[in-house]
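Working notes, beginning with the structure itself.
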Amino acid sequence: SSASGQVVAGGAGYSGGLVGLNSNGTIAQSQASGAVSSSGGLATGGLVGRNEGDSVLTNVKASGNVTDNYGGDIGGLVGTNTAARVDTAEATGKVTGGASSRVGGLVGSNLNASLSHVISRGNVFGGINSQVGGIVGSNSGVISSADTSGVVSGGANSSVGGLAGVNFGTLMASSSKSEVKGGARSRIGGLVGENQIQGRISSSSSESSVSGDYYVSMGGIAGVNLGTIEYSGVSGKINFRPQSSYGQIYGSLVGENRGTLAGNYVTGEAAVLP
């Protein structure tokens, strides 16, 4: 199936370039190329607004820009993916969310769901107090074999990562080459902004460049780590501000660590820190 028309929706609903709500359904070998926009919607995606239950998306692609300037879950492919599965997917459109939103190049929120063999190539932008990631804004599921590039940017007091803004789940065998930026008092990482106590990052790599404003915590893999990061590597540049007035906390691997680091490595420009 394919769709190319523009979708413009109001608030409090599910909006997608192909399907608004996919519940216990299968969508295969399908694509959407039209822009999707909503205003305060619950879930907005380039292909599907909300993907739930035993639903499966496989061999799918979305290339339209996705926008909701008033919060919610916003993703280049799916707005909210809950207890469902996405396998072999690509999103290439620009994704824009407002304040207090969960914005991902592929999925806004991935809730106890799986993403595998997925690619995101679009730029991703979130407002203040947002969770912004090259693949997902917020993840409490399993992500494997994900790859992302493009600009990933969040406003003040946001969590911003090349793969995920906030990770409560598992990230494995994934990589990011994103340009990751965050506003003042944000958590910024080449892979994840915040890795929570349940979060696990394994066998992944970041070539992302990382930069931030005043009083940020930033690192090549995570800005803040409360969980486990293992057997993962960093080679991207950490664009720190050494002036004390900026009050930045930064590290080659992690800005602030309160969790477990094991078997990780740092090479290239990431290793050039004072």
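In the structure tokens, chains take the letters A, B, ... in the order shown, each chain's residues start at 1, and ligands count up from 1 in the order shown.
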
What are the closest atom pairs, with distances in Å to one decimal, for each residue of range 107-214 of chain A lying within 10 Å of range 56-68 of chain A, using only C-alpha atoms, rows by chain and rising residue number, as a tab-separated table?
residue	atom	partner	partner_atom	distance
A:Ser114	CA	A:Val56	CA	9.8
A:Leu115	CA	A:Leu57	CA	9.6
A:Ser116	CA	A:Thr58	CA	9.7
A:His117	CA	A:Asn59	CA	9.7
A:Val118	CA	A:Asn59	CA	9.6
A:Ile119	CA	A:Lys61	CA	9.5
A:Ser120	CA	A:Ala62	CA	9.8
A:Arg121	CA	A:Ser63	CA	9.4
A:Gly122	CA	A:Ser63	CA	8.5
A:Asn123	CA	A:Asn65	CA	9.5
A:Val124	CA	A:Val66	CA	9.6
A:Phe125	CA	A:Thr67	CA	9.5
A:Gly126	CA	A:Asp68	CA	9.8

- Item | Those in range 27-265 of chain A with strand (DSSP E or B) from DSSP, as a PyMOL selection string | chain A and resi 27-32+36-38+43-45+48-52+56-62+66-68+72-75+78-82+85-91+95-97+101-104+107-111+114-120+124-126+131-133+136-139+142-154+159-161+164-167+170-172+175-182+187-189+192-195+200-202+205-206+209-212+217-219+222-225+228-230+233-234+238-239+249-251+254-257+260-262+265

- 6 Å contact set for range 148-163 of chain A, only C-alpha atoms, chain neighbours under 3 positions out, as a VMD selection string: chain A and resid 119 to 135 176 to 193

- Counting only C-alpha atoms, the option among A:Gln243, A:Thr170, A:Leu273, A:Val224 closest to Arg258 in chain A: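 Using only C-alpha atoms, Arg258 in chain A sits closest to A:Val224.
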
- Task: Tell me which protein, DNA and RNA residues are within 12 Å of range 10-19 of chain A, counting only C-alpha atoms, leaving out same-chain ones fewer than 5 positions away, and put them as an NGL selection string.
- Result: :A and (1-5 or 25-28 or 30-52 or 57 or 60-81 or 91 or 93 or 107)

- Query: Just how far from CA of Ile143 in chain A is CA of Gly105 in chain A, in Å to one decimal?
  - Reply: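 Between these atoms lies a distance of 13.6 Å.
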
- Could you tell me which of A:Ala271, A:Val210, A:Ile229, A:Val234 comes closest to Gly259 in chain A if we count only C-alpha atoms? A:Ile229

- Message: Quick check, in Å to one decimal: how far apart do CA of Leu253 in chain A and CA of Val216 in chain A lie?
- Response: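 Value for the CA of Leu253 in chain A-CA of Val216 in chain A distance: 14.8 Å.
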
- Message: Could you list, as a VMD selection string, every residue within 8 Å of Ser202 in chain A, counting only C-alpha atoms and ignoring same-chain residues fewer than 2 positions away?
- Response: chain A and resid 170 to 173 200 204 229 to 232

- Using CA of Gly104 in chain A and CA of Val86 in chain A as the two end points, give the distance in Å to one decimal.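 Between CA of Gly104 in chain A and CA of Val86 in chain A the gap works out to 14.2 Å.
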